[in-house]
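Colleague: Contents of final-v5.pdb (PDB, C-alpha atoms and all ligand atoms) are given next:
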ATOM      1  CA  MET A   5      94.686 118.536  22.559  1.00  0.00           C
ATOM      2  CA  TYR A   6      97.685 119.834  20.723  1.00  0.00           C
ATOM      3  CA  ALA A   7     100.376 117.312  19.786  1.00  0.00           C
ATOM      4  CA  ILE A   8     103.372 116.819  22.037  1.00  0.00           C
ATOM      5  CA  THR A   9     106.560 114.819  21.620  1.00  0.00           C
ATOM      6  CA  GLU A  10     107.639 111.883  23.754  1.00  0.00           C
ATOM      7  CA  LYS A  11     110.102 114.130  25.559  1.00  0.00           C
ATOM      8  CA  GLN A  12     107.418 116.711  26.300  1.00  0.00           C
ATOM      9  CA  LEU A  13     105.055 113.979  27.426  1.00  0.00           C
ATOM     10  CA  ARG A  14     107.494 112.544  29.950  1.00  0.00           C
ATOM     11  CA  ALA A  15     108.314 116.025  31.204  1.00  0.00           C
ATOM     12  CA  ALA A  16     104.611 116.914  31.604  1.00  0.00           C
ATOM     13  CA  PHE A  17     104.041 114.671  34.618  1.00  0.00           C
ATOM     14  CA  VAL A  18     103.546 116.659  37.800  1.00  0.00           C
ATOM     15  CA  ASN A  19     103.212 113.809  40.283  1.00  0.00           C
ATOM     16  CA  ALA A  20     105.787 111.285  39.094  1.00  0.00           C
ATOM     17  CA  SER A  21     109.452 110.989  40.024  1.00  0.00           C
ATOM     18  CA  GLN A  22     112.228 111.230  37.487  1.00  0.00           C
ATOM     19  CA  ARG A  23     112.540 107.459  37.617  1.00  0.00           C
ATOM     20  CA  GLU A  24     108.812 106.896  37.130  1.00  0.00           C
ATOM     21  CA  ARG A  25     108.819 109.220  34.142  1.00  0.00           C
ATOM     22  CA  THR A  26     111.730 107.311  32.644  1.00  0.00           C
ATOM     23  CA  ILE A  27     110.316 103.797  33.064  1.00  0.00           C
ATOM     24  CA  MET A  28     106.819 104.768  31.922  1.00  0.00           C
ATOM     25  CA  THR A  29     105.639 102.781  28.885  1.00  0.00           C
ATOM     26  CA  LEU A  30     104.050 104.990  26.268  1.00  0.00           C
ATOM     27  CA  PRO A  31     100.759 104.040  24.620  1.00  0.00           C
ATOM     28  CA  SER A  32     101.467 101.528  21.837  1.00  0.00           C
ATOM     29  CA  ASP A  33      99.897 103.844  19.248  1.00  0.00           C
ATOM     30  CA  PHE A  34     101.736 106.941  20.473  1.00  0.00           C
ATOM     31  CA  ALA A  35     103.343 107.738  17.112  1.00  0.00           C
ATOM     32  CA  ALA A  36      99.985 107.559  15.339  1.00  0.00           C
ATOM     33  CA  LEU A  37      97.860 109.464  17.828  1.00  0.00           C
ATOM     34  CA  ASP A  38      95.334 111.914  16.441  1.00  0.00           C
ATOM     35  CA  TRP A  39      95.927 114.534  19.103  1.00  0.00           C
ATOM     36  CA  GLU A  40      93.341 116.956  17.821  1.00  0.00           C
ATOM     37  CA  ALA A  41      90.622 114.368  18.321  1.00  0.00           C
ATOM     38  CA  LEU A  42      91.622 113.770  21.954  1.00  0.00           C
ATOM     39  CA  ASP A  43      89.875 115.385  24.905  1.00  0.00           C
ATOM     40  CA  TYR A  44      92.561 113.867  27.057  1.00  0.00           C
ATOM     41  CA  LEU A  45      95.068 111.066  26.572  1.00  0.00           C
ATOM     42  CA  GLY A  46      94.676 108.137  28.960  1.00  0.00           C
ATOM     43  CA  TRP A  47      96.352 104.746  28.969  1.00  0.00           C
ATOM     44  CA  ARG A  48      97.474 101.902  31.176  1.00  0.00           C
ATOM     45  CA  ASP A  49     101.118 101.001  31.496  1.00  0.00           C
ATOM     46  CA  ALA A  50     101.606  97.793  29.530  1.00  0.00           C
ATOM     47  CA  ARG A  51     104.375  96.619  31.879  1.00  0.00           C
ATOM     48  CA  LEU A  52     103.418  97.985  35.281  1.00  0.00           C
ATOM     49  CA  ALA A  53     100.264  96.379  36.617  1.00  0.00           C
ATOM     50  CA  GLY A  54      97.749  98.829  38.016  1.00  0.00           C
ATOM     51  CA  VAL A  55      99.505 101.939  36.774  1.00  0.00           C
ATOM     52  CA  GLY A  56      97.733 104.335  34.449  1.00  0.00           C
ATOM     53  CA  TYR A  57      98.331 107.809  33.099  1.00  0.00           C
ATOM     54  CA  ILE A  58      96.407 110.729  31.774  1.00  0.00           C
ATOM     55  CA  VAL A  59      97.612 113.825  29.995  1.00  0.00           C
ATOM     56  CA  ALA A  60      95.259 116.762  29.596  1.00  0.00           C
ATOM     57  CA  GLU A  61      95.592 120.314  28.478  1.00  0.00           C
ATOM     58  CA  LEU A  62      95.203 122.733  31.342  1.00  0.00           C
ATOM     59  CA  ASP A  63      95.521 126.501  30.892  1.00  0.00           C
ATOM     60  CA  GLY A  64      97.165 125.849  27.505  1.00  0.00           C
ATOM     61  CA  GLU A  65      99.713 123.463  28.949  1.00  0.00           C
ATOM     62  CA  ALA A  66      99.942 119.657  28.785  1.00  0.00           C
ATOM     63  CA  VAL A  67      99.788 118.229  32.314  1.00  0.00           C
ATOM     64  CA  GLY A  68     100.370 114.543  33.047  1.00  0.00           C
ATOM     65  CA  ILE A  69      99.060 112.646  36.045  1.00  0.00           C
ATOM     66  CA  GLN A  70     100.211 109.193  37.095  1.00  0.00           C
ATOM     67  CA  LEU A  71      97.463 107.044  38.584  1.00  0.00           C
ATOM     68  CA  ARG A  72      97.407 103.862  40.581  1.00  0.00           C
ATOM     69  CA  ARG A  73      94.545 101.478  40.592  1.00  0.00           C
ATOM     70  CA  ALA A  74      93.205 100.867  44.065  1.00  0.00           C
ATOM     71  CA  GLU A  75      92.929  97.320  45.376  1.00  0.00           C
ATOM     72  CA  SER A  76      89.359  97.821  46.479  1.00  0.00           C
ATOM     73  CA  LYS A  77      86.626  97.385  43.924  1.00  0.00           C
ATOM     74  CA  PRO A  78      83.517  99.545  43.825  1.00  0.00           C
ATOM     75  CA  ARG A  79      80.704  97.726  45.581  1.00  0.00           C
ATOM     76  CA  SER A  80      78.324  97.859  42.650  1.00  0.00           C
ATOM     77  CA  ARG A  81      78.566  98.873  39.023  1.00  0.00           C
ATOM     78  CA  ALA A  82      79.835 102.399  39.398  1.00  0.00           C
ATOM     79  CA  GLN A  83      79.591 105.446  37.217  1.00  0.00           C
ATOM     80  CA  CYS A  84      82.696 107.155  35.884  1.00  0.00           C
ATOM     81  CA  SER A  85      83.130 110.568  37.453  1.00  0.00           C
ATOM     82  CA  TRP A  86      84.584 111.996  34.244  1.00  0.00           C
ATOM     83  CA  CYS A  87      82.299 110.862  31.395  1.00  0.00           C
ATOM     84  CA  GLU A  88      79.345 110.112  33.732  1.00  0.00           C
ATOM     85  CA  ASP A  89      78.204 107.456  31.318  1.00  0.00           C
ATOM     86  CA  VAL A  90      74.974 105.808  32.419  1.00  0.00           C
ATOM     87  CA  TYR A  91      75.216 102.705  30.195  1.00  0.00           C
ATOM     88  CA  LEU A  92      78.315 101.361  31.949  1.00  0.00           C
ATOM     89  CA  PRO A  93      79.785  99.630  28.887  1.00  0.00           C
ATOM     90  CA  ASN A  94      83.160  99.153  30.595  1.00  0.00           C
ATOM     91  CA  ASP A  95      84.414  98.606  34.121  1.00  0.00           C
ATOM     92  CA  VAL A  96      84.777 101.652  36.308  1.00  0.00           C
ATOM     93  CA  VAL A  97      87.454 101.410  39.000  1.00  0.00           C
ATOM     94  CA  PHE A  98      89.093 103.457  41.738  1.00  0.00           C
ATOM     95  CA  TYR A  99      92.251 105.206  40.713  1.00  0.00           C
ATOM     96  CA  SER A 100      94.292 107.346  43.036  1.00  0.00           C
ATOM     97  CA  ALA A 101      96.832 109.993  42.154  1.00  0.00           C
ATOM     98  CA  LYS A 102      99.610 111.221  44.356  1.00  0.00           C
ATOM     99  CA  ARG A 103      99.323 114.982  44.757  1.00  0.00           C
ATOM    100  CA  ALA A 104     102.063 117.082  43.187  1.00  0.00           C
ATOM    101  CA  GLY A 105     104.913 118.428  45.295  1.00  0.00           C
ATOM    102  CA  LYS A 106     105.207 118.315  49.048  1.00  0.00           C
ATOM    103  CA  ALA A 107     101.664 117.117  49.672  1.00  0.00           C
ATOM    104  CA  GLY A 108     102.296 114.057  47.522  1.00  0.00           C
ATOM    105  CA  ARG A 109     105.608 113.327  49.189  1.00  0.00           C
ATOM    106  CA  ASN A 110     103.694 113.352  52.463  1.00  0.00           C
ATOM    107  CA  GLY A 111     101.425 110.628  51.089  1.00  0.00           C
ATOM    108  CA  ASN A 112      98.486 112.824  50.152  1.00  0.00           C
ATOM    109  CA  THR A 113      96.424 111.441  47.271  1.00  0.00           C
ATOM    110  CA  VAL A 114      93.301 112.229  45.268  1.00  0.00           C
ATOM    111  CA  GLY A 115      91.005 109.351  44.410  1.00  0.00           C
ATOM    112  CA  THR A 116      88.454 109.062  41.672  1.00  0.00           C
ATOM    113  CA  LEU A 117      86.179 106.506  40.044  1.00  0.00           C
ATOM    114  CA  VAL A 118      86.903 106.348  36.342  1.00  0.00           C
ATOM    115  CA  CYS A 119      86.648 104.100  33.312  1.00  0.00           C
ATOM    116  CA  GLU A 120      89.217 101.332  33.741  1.00  0.00           C
ATOM    117  CA  GLY A 121      90.738 101.760  30.294  1.00  0.00           C
ATOM    118  CA  PHE A 122      89.973 105.489  29.990  1.00  0.00           C
ATOM    119  CA  GLU A 123      87.135 104.931  27.549  1.00  0.00           C
ATOM    120  CA  CYS A 124      85.532 108.291  28.424  1.00  0.00           C
ATOM    121  CA  GLN A 125      85.852 109.944  25.056  1.00  0.00           C
ATOM    122  CA  VAL A 126      84.081 107.119  23.289  1.00  0.00           C
ATOM    123  CA  ASN A 127      81.381 107.020  25.939  1.00  0.00           C
ATOM    124  CA  ALA A 128      80.747 110.743  25.866  1.00  0.00           C
ATOM    125  CA  ARG A 129      80.303 110.631  22.094  1.00  0.00           C
ATOM    126  CA  ARG A 130      77.664 107.938  22.124  1.00  0.00           C
ATOM    127  CA  THR A 131      74.381 109.265  20.783  1.00  0.00           C
ATOM    128  CA  PRO A 132      72.083 109.915  23.726  1.00  0.00           C
ATOM    129  CA  PRO A 133      68.530 108.603  23.516  1.00  0.00           C
ATOM    130  CA  PRO A 134      66.090 111.338  22.546  1.00  0.00           C
ATOM    131  CA  ALA A 135      64.464 112.401  25.812  1.00  0.00           C
ATOM    132  CA  TYR A 136      61.422 113.908  24.132  1.00  0.00           C
ATOM    133  CA  LEU A 137      60.152 114.869  20.709  1.00  0.00           C
ATOM    134  CA  GLY A 138      62.348 117.582  19.249  1.00  0.00           C
ATOM    135  CA  TYR A 139      65.167 116.850  21.700  1.00  0.00           C
ATOM    136  CA  ASP A 140      68.431 118.155  20.311  1.00  0.00           C
ATOM    137  CA  VAL A 141      70.614 115.027  20.415  1.00  0.00           C
ATOM    138  CA  ASP A 142      73.691 116.746  18.959  1.00  0.00           C
ATOM    139  CA  ALA A 143      73.536 119.541  21.501  1.00  0.00           C
ATOM    140  CA  ALA A 144      73.138 116.990  24.285  1.00  0.00           C
ATOM    141  CA  ARG A 145      76.225 115.146  23.072  1.00  0.00           C
ATOM    142  CA  GLU A 146      78.209 118.392  22.920  1.00  0.00           C
ATOM    143  CA  ARG A 147      77.210 119.178  26.487  1.00  0.00           C
ATOM    144  CA  ARG A 148      78.376 115.761  27.640  1.00  0.00           C
ATOM    145  CA  ILE A 149      81.736 116.114  25.943  1.00  0.00           C
ATOM    146  CA  GLU A 150      82.182 119.567  27.449  1.00  0.00           C
ATOM    147  CA  ALA A 151      81.177 118.313  30.899  1.00  0.00           C
ATOM    148  CA  MET A 152      83.716 115.488  30.640  1.00  0.00           C
ATOM    149  CA  ARG A 153      86.492 117.925  29.722  1.00  0.00           C
ATOM    150  CA  VAL A 154      85.612 120.077  32.712  1.00  0.00           C
ATOM    151  CA  ASN A 155      85.582 117.039  35.025  1.00  0.00           C
ATOM    152  CA  VAL A 156      89.017 115.921  33.825  1.00  0.00           C
ATOM    153  CA  SER A 157      90.398 119.467  34.084  1.00  0.00           C
ATOM    154  CA  ASN A 158      89.129 119.818  37.626  1.00  0.00           C
ATOM    155  CA  PHE A 159      90.786 116.554  38.608  1.00  0.00           C
ATOM    156  CA  VAL A 160      94.103 117.497  36.983  1.00  0.00           C
ATOM    157  CA  ARG A 161      94.000 120.932  38.589  1.00  0.00           C
ATOM    158  CA  ASP A 162      93.253 119.424  41.978  1.00  0.00           C
ATOM    159  CA  VAL A 163      96.256 117.079  41.762  1.00  0.00           C
ATOM    160  CA  ARG A 164      98.609 119.699  40.340  1.00  0.00           C
ATOM    161  CA  ASP A 165      97.775 122.658  42.576  1.00  0.00           C
ATOM    162  CA  SER A 166      98.232 120.865  45.872  1.00  0.00           C
ATOM    163  CA  ASP A 167     100.806 122.955  47.637  1.00  0.00           C
TER     164      ASP A 167
HETATM  165 ZN    ZN B 201      84.679 107.537  31.796  1.00  0.00          ZN
END
Spit out the file's structure as structure tokens when you get a sec.
Ligand SMILES: [Zn+2]

Modeller:
Amino acid sequence: MYAITEKQLRAAFVNASQRERTIMTLPSDFAALDWEALDYLGWRDARLAGVGYIVAELDGEAVGIQLRRAESKPRSRAQCSWCEDVYLPNDVVFYSAKRAGKAGRNGNTVGTLVCEGFECQVNARRTPPPAYLGYDVDAARERRIEAMRVNVSNFVRDVRDSD
């Protein structure tokens, strides 16, 4: 991602009210973020229980989505729909996002199962086990990272382009 300022970050949210954008707590390491190394920025609000955020680049623009953790827990160890990590090193939970615009004001949401603390980028970069002799591990990792970016983009697009 390209770097954005705090002001740009707060303005990037498409499904949060003015008030929600104002009270949002930024990630504690915001000033030191290595934006170029980020596929997407995801964090939990340190003050608001169950509230999380992601910011991803979509069509060359930073788009923010506010998420709420659902009360219900997945029945078994679930797989994250973004990084699709099979080792399940962290909890995967239901998050829901209010759709942008009128649909969201009417209570329309999009739900997804994702890594509780948005650990996707670390997970996607884990070296995959060689599936067979001569298996290209680096290429496999690249494919996973690319797939994760596409999954996140699709989610962001779905929430943003609701009307
Ligand atoms: Zn994940």

Colleague: To test your reading of the syntax: which residues would the PyMOL selection byres (((not hetatm)) within 8 of (chain B and resi 201)) return for the file shown? Reply as a short mmCIF file (atom, residue, chain, number, x, y, z; two decimals) with C-alpha atoms, keeping the file's coordinate frame.

Modeller:
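See out-v8.cif below for the written result:
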data_model
loop_
_atom_site.label_atom_id
_atom_site.label_comp_id
_atom_site.auth_asym_id
_atom_site.auth_seq_id
_atom_site.Cartn_x
_atom_site.Cartn_y
_atom_site.Cartn_z
CA GLN A 83 79.59 105.45 37.22
CA CYS A 84 82.70 107.16 35.88
CA SER A 85 83.13 110.57 37.45
CA TRP A 86 84.58 112.00 34.24
CA CYS A 87 82.30 110.86 31.40
CA GLU A 88 79.34 110.11 33.73
CA ASP A 89 78.20 107.46 31.32
CA VAL A 96 84.78 101.65 36.31
CA VAL A 118 86.90 106.35 36.34
CA CYS A 119 86.65 104.10 33.31
CA GLU A 120 89.22 101.33 33.74
CA PHE A 122 89.97 105.49 29.99
CA GLU A 123 87.14 104.93 27.55
CA CYS A 124 85.53 108.29 28.42
CA GLN A 125 85.85 109.94 25.06
CA ASN A 127 81.38 107.02 25.94
CA ALA A 128 80.75 110.74 25.87
#

Colleague: Excluding same-chain residues fewer than 3 positions from Arg147 of chain A, what lies within 12 Å of it counting all atoms listed in the file, as a list in words?

Modeller: Cys87, Glu88, Ala128, Arg129, Thr131, Pro132, Asp140, Val141, Asp142, Ala143, Ala144, Glu150, Ala151, Met152, Arg153 and Val154 of chain A

Colleague: Is there a way to get, as a PyMOL selection string, all residues within 10 Å of the point (106.7, 115.4, 32.6) in file coordinates, counting all atoms listed in the file?

Modeller: chain A and resi 10-22+24-26+59+66-69

Colleague: May I ask which of the residues A:Ala104, A:Val97, A:Met28, A:Val126 is the closest one to Arg145 of chain A, counting only C-alpha atoms?

Modeller: A:Val126

Colleague: Suppose a student applies the PyMOL selection byres (((chain A and resi 34-41) around 8) and not hetatm) to this structure; what residues should they get, written as a list in words?

Modeller: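 Against this file, the PyMOL selection byres (((chain A and resi 34-41) around 8) and not hetatm) returns the residues Met5, Tyr6, Ala7, Leu30, Pro31, Ser32, Asp33, Leu42 and Asp43 of chain A.
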
Colleague: Take the PyMOL selection byres (((chain A and resi 54) around 10) and not hetatm), run it mentally on this structure, and tell me the resulting residues as a list in words.

Modeller: Arg48, Asp49, Ala50, Arg51, Leu52, Ala53, Val55, Gly56, Leu71, Arg72, Arg73, Ala74, Glu75, Tyr99 and Glu120 of chain A

Colleague: Generate the output file for the selected residues, C-alpha atoms, as a PDB file, in the coordinates of the input.

Modeller:
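Contents of part.pdb, freshly written:
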ATOM      1  CA  ARG A  48      97.474 101.902  31.176  1.00  0.00           C
ATOM      2  CA  ASP A  49     101.118 101.001  31.496  1.00  0.00           C
ATOM      3  CA  ALA A  50     101.606  97.793  29.530  1.00  0.00           C
ATOM      4  CA  ARG A  51     104.375  96.619  31.879  1.00  0.00           C
ATOM      5  CA  LEU A  52     103.418  97.985  35.281  1.00  0.00           C
ATOM      6  CA  ALA A  53     100.264  96.379  36.617  1.00  0.00           C
ATOM      7  CA  VAL A  55      99.505 101.939  36.774  1.00  0.00           C
ATOM      8  CA  GLY A  56      97.733 104.335  34.449  1.00  0.00           C
ATOM      9  CA  LEU A  71      97.463 107.044  38.584  1.00  0.00           C
ATOM     10  CA  ARG A  72      97.407 103.862  40.581  1.00  0.00           C
ATOM     11  CA  ARG A  73      94.545 101.478  40.592  1.00  0.00           C
ATOM     12  CA  ALA A  74      93.205 100.867  44.065  1.00  0.00           C
ATOM     13  CA  GLU A  75      92.929  97.320  45.376  1.00  0.00           C
ATOM     14  CA  TYR A  99      92.251 105.206  40.713  1.00  0.00           C
ATOM     15  CA  GLU A 120      89.217 101.332  33.741  1.00  0.00           C
TER      16      GLU A 120
END

Colleague: With all atoms listed in the file as the atoms that count, which of A:Ala135, A:Lys106, A:Arg79, A:Glu65 lies nearest to Ile8 of chain A?

Modeller: A:Glu65

Colleague: Please provide the set of residues having any atom within 9 Å of Arg81 of chain A, restricted to all atoms listed in the file, with same-chain residues fewer than 3 positions apart removed, written as a PyMOL selection string.

Modeller: chain A and resi 78+92+95-96

Colleague: Just to be explicit: take each residue in the selection above, keep C-alpha atoms, and write the result as a PDB file, keeping the file's coordinate frame.

Modeller:
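Writing the result to part36.pdb gives the following:
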ATOM      1  CA  PRO A  78      83.517  99.545  43.825  1.00  0.00           C
ATOM      2  CA  LEU A  92      78.315 101.361  31.949  1.00  0.00           C
ATOM      3  CA  ASP A  95      84.414  98.606  34.121  1.00  0.00           C
ATOM      4  CA  VAL A  96      84.777 101.652  36.308  1.00  0.00           C
TER       5      VAL A  96
END

Colleague: Just the residues within 9 Å of Ser157 of chain A, please, counting only C-alpha atoms, with nothing from its chain fewer than 4 positions along; format it as a list of chain:residue names.

Modeller: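 My reading of the contact set: A:Ala60, A:Glu61, A:Leu62, A:Met152, A:Arg153, A:Arg161, A:Asp162.
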
Colleague: Output requested as a PDB file, in the frame of the given file - segment 117-128 of chain A, filled out with all heavy atoms.

Modeller:
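Result file is out16.pdb:
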ATOM      1  N   LEU A 117      86.737 107.682  40.712  1.00  0.00           N
ATOM      2  CA  LEU A 117      86.179 106.506  40.044  1.00  0.00           C
ATOM      3  C   LEU A 117      86.140 106.803  38.561  1.00  0.00           C
ATOM      4  O   LEU A 117      85.413 107.699  38.131  1.00  0.00           O
ATOM      5  CB  LEU A 117      84.741 106.281  40.525  1.00  0.00           C
ATOM      6  CG  LEU A 117      84.487 105.389  41.713  1.00  0.00           C
ATOM      7  CD1 LEU A 117      83.024 105.507  42.134  1.00  0.00           C
ATOM      8  CD2 LEU A 117      84.813 103.947  41.386  1.00  0.00           C
ATOM      9  N   VAL A 118      86.930 106.076  37.779  1.00  0.00           N
ATOM     10  CA  VAL A 118      86.903 106.348  36.342  1.00  0.00           C
ATOM     11  C   VAL A 118      86.955 105.070  35.511  1.00  0.00           C
ATOM     12  O   VAL A 118      87.274 103.992  36.012  1.00  0.00           O
ATOM     13  CB  VAL A 118      88.049 107.295  35.883  1.00  0.00           C
ATOM     14  CG1 VAL A 118      87.791 108.713  36.329  1.00  0.00           C
ATOM     15  CG2 VAL A 118      89.384 106.829  36.363  1.00  0.00           C
ATOM     16  N   CYS A 119      86.647 105.223  34.245  1.00  0.00           N
ATOM     17  CA  CYS A 119      86.648 104.100  33.312  1.00  0.00           C
ATOM     18  C   CYS A 119      88.013 103.404  33.365  1.00  0.00           C
ATOM     19  O   CYS A 119      89.051 104.055  33.234  1.00  0.00           O
ATOM     20  CB  CYS A 119      86.391 104.596  31.896  1.00  0.00           C
ATOM     21  SG  CYS A 119      84.739 105.265  31.652  1.00  0.00           S
ATOM     22  N   GLU A 120      87.985 102.087  33.531  1.00  0.00           N
ATOM     23  CA  GLU A 120      89.217 101.332  33.741  1.00  0.00           C
ATOM     24  C   GLU A 120      90.257 101.564  32.643  1.00  0.00           C
ATOM     25  O   GLU A 120      91.431 101.705  32.910  1.00  0.00           O
ATOM     26  CB  GLU A 120      88.885  99.838  33.833  1.00  0.00           C
ATOM     27  CG  GLU A 120      90.088  98.995  34.158  1.00  0.00           C
ATOM     28  CD  GLU A 120      89.743  97.519  34.281  1.00  0.00           C
ATOM     29  OE1 GLU A 120      88.774  97.082  33.629  1.00  0.00           O
ATOM     30  OE2 GLU A 120      90.448  96.825  35.025  1.00  0.00           O
ATOM     31  N   GLY A 121      89.801 101.579  31.405  1.00  0.00           N
ATOM     32  CA  GLY A 121      90.738 101.760  30.294  1.00  0.00           C
ATOM     33  C   GLY A 121      90.656 103.155  29.690  1.00  0.00           C
ATOM     34  O   GLY A 121      91.047 103.364  28.551  1.00  0.00           O
ATOM     35  N   PHE A 122      90.112 104.093  30.434  1.00  0.00           N
ATOM     36  CA  PHE A 122      89.973 105.489  29.990  1.00  0.00           C
ATOM     37  C   PHE A 122      89.168 105.592  28.696  1.00  0.00           C
ATOM     38  O   PHE A 122      89.576 106.227  27.719  1.00  0.00           O
ATOM     39  CB  PHE A 122      91.363 106.131  29.851  1.00  0.00           C
ATOM     40  CG  PHE A 122      92.191 105.987  31.098  1.00  0.00           C
ATOM     41  CD1 PHE A 122      93.209 105.051  31.176  1.00  0.00           C
ATOM     42  CD2 PHE A 122      91.893 106.743  32.231  1.00  0.00           C
ATOM     43  CE1 PHE A 122      93.946 104.881  32.350  1.00  0.00           C
ATOM     44  CE2 PHE A 122      92.629 106.581  33.397  1.00  0.00           C
ATOM     45  CZ  PHE A 122      93.654 105.651  33.461  1.00  0.00           C
ATOM     46  N   GLU A 123      87.999 104.951  28.729  1.00  0.00           N
ATOM     47  CA  GLU A 123      87.135 104.931  27.549  1.00  0.00           C
ATOM     48  C   GLU A 123      86.219 106.156  27.448  1.00  0.00           C
ATOM     49  O   GLU A 123      85.311 106.198  26.610  1.00  0.00           O
ATOM     50  CB  GLU A 123      86.257 103.670  27.564  1.00  0.00           C
ATOM     51  CG  GLU A 123      87.010 102.348  27.450  1.00  0.00           C
ATOM     52  CD  GLU A 123      87.402 101.751  28.802  1.00  0.00           C
ATOM     53  OE1 GLU A 123      87.384 102.470  29.823  1.00  0.00           O
ATOM     54  OE2 GLU A 123      87.743 100.543  28.826  1.00  0.00           O
ATOM     55  N   CYS A 124      86.438 107.137  28.302  1.00  0.00           N
ATOM     56  CA  CYS A 124      85.532 108.291  28.424  1.00  0.00           C
ATOM     57  C   CYS A 124      85.182 108.970  27.103  1.00  0.00           C
ATOM     58  O   CYS A 124      84.030 109.339  26.879  1.00  0.00           O
ATOM     59  CB  CYS A 124      86.116 109.329  29.354  1.00  0.00           C
ATOM     60  SG  CYS A 124      86.475 108.707  30.999  1.00  0.00           S
ATOM     61  N   GLN A 125      86.175 109.155  26.250  1.00  0.00           N
ATOM     62  CA  GLN A 125      85.852 109.944  25.056  1.00  0.00           C
ATOM     63  C   GLN A 125      84.892 109.216  24.147  1.00  0.00           C
ATOM     64  O   GLN A 125      84.062 109.852  23.494  1.00  0.00           O
ATOM     65  CB  GLN A 125      87.050 110.280  24.210  1.00  0.00           C
ATOM     66  CG  GLN A 125      88.362 109.957  24.789  1.00  0.00           C
ATOM     67  CD  GLN A 125      89.378 110.884  24.198  1.00  0.00           C
ATOM     68  OE1 GLN A 125      89.376 112.081  24.493  1.00  0.00           O
ATOM     69  NE2 GLN A 125      90.204 110.363  23.356  1.00  0.00           N
ATOM     70  N   VAL A 126      85.017 107.902  24.101  1.00  0.00           N
ATOM     71  CA  VAL A 126      84.081 107.119  23.289  1.00  0.00           C
ATOM     72  C   VAL A 126      82.695 107.180  23.922  1.00  0.00           C
ATOM     73  O   VAL A 126      81.692 107.415  23.260  1.00  0.00           O
ATOM     74  CB  VAL A 126      84.555 105.644  23.185  1.00  0.00           C
ATOM     75  CG1 VAL A 126      83.531 104.797  22.448  1.00  0.00           C
ATOM     76  CG2 VAL A 126      85.908 105.577  22.515  1.00  0.00           C
ATOM     77  N   ASN A 127      82.660 107.009  25.230  1.00  0.00           N
ATOM     78  CA  ASN A 127      81.381 107.020  25.939  1.00  0.00           C
ATOM     79  C   ASN A 127      80.650 108.345  25.789  1.00  0.00           C
ATOM     80  O   ASN A 127      79.433 108.377  25.563  1.00  0.00           O
ATOM     81  CB  ASN A 127      81.591 106.733  27.428  1.00  0.00           C
ATOM     82  CG  ASN A 127      82.114 105.333  27.673  1.00  0.00           C
ATOM     83  OD1 ASN A 127      82.042 104.481  26.795  1.00  0.00           O
ATOM     84  ND2 ASN A 127      82.638 105.097  28.861  1.00  0.00           N
ATOM     85  N   ALA A 128      81.390 109.422  25.914  1.00  0.00           N
ATOM     86  CA  ALA A 128      80.747 110.743  25.866  1.00  0.00           C
ATOM     87  C   ALA A 128      80.201 111.053  24.477  1.00  0.00           C
ATOM     88  O   ALA A 128      79.304 111.882  24.325  1.00  0.00           O
ATOM     89  CB  ALA A 128      81.734 111.817  26.287  1.00  0.00           C
TER      90      ALA A 128
END
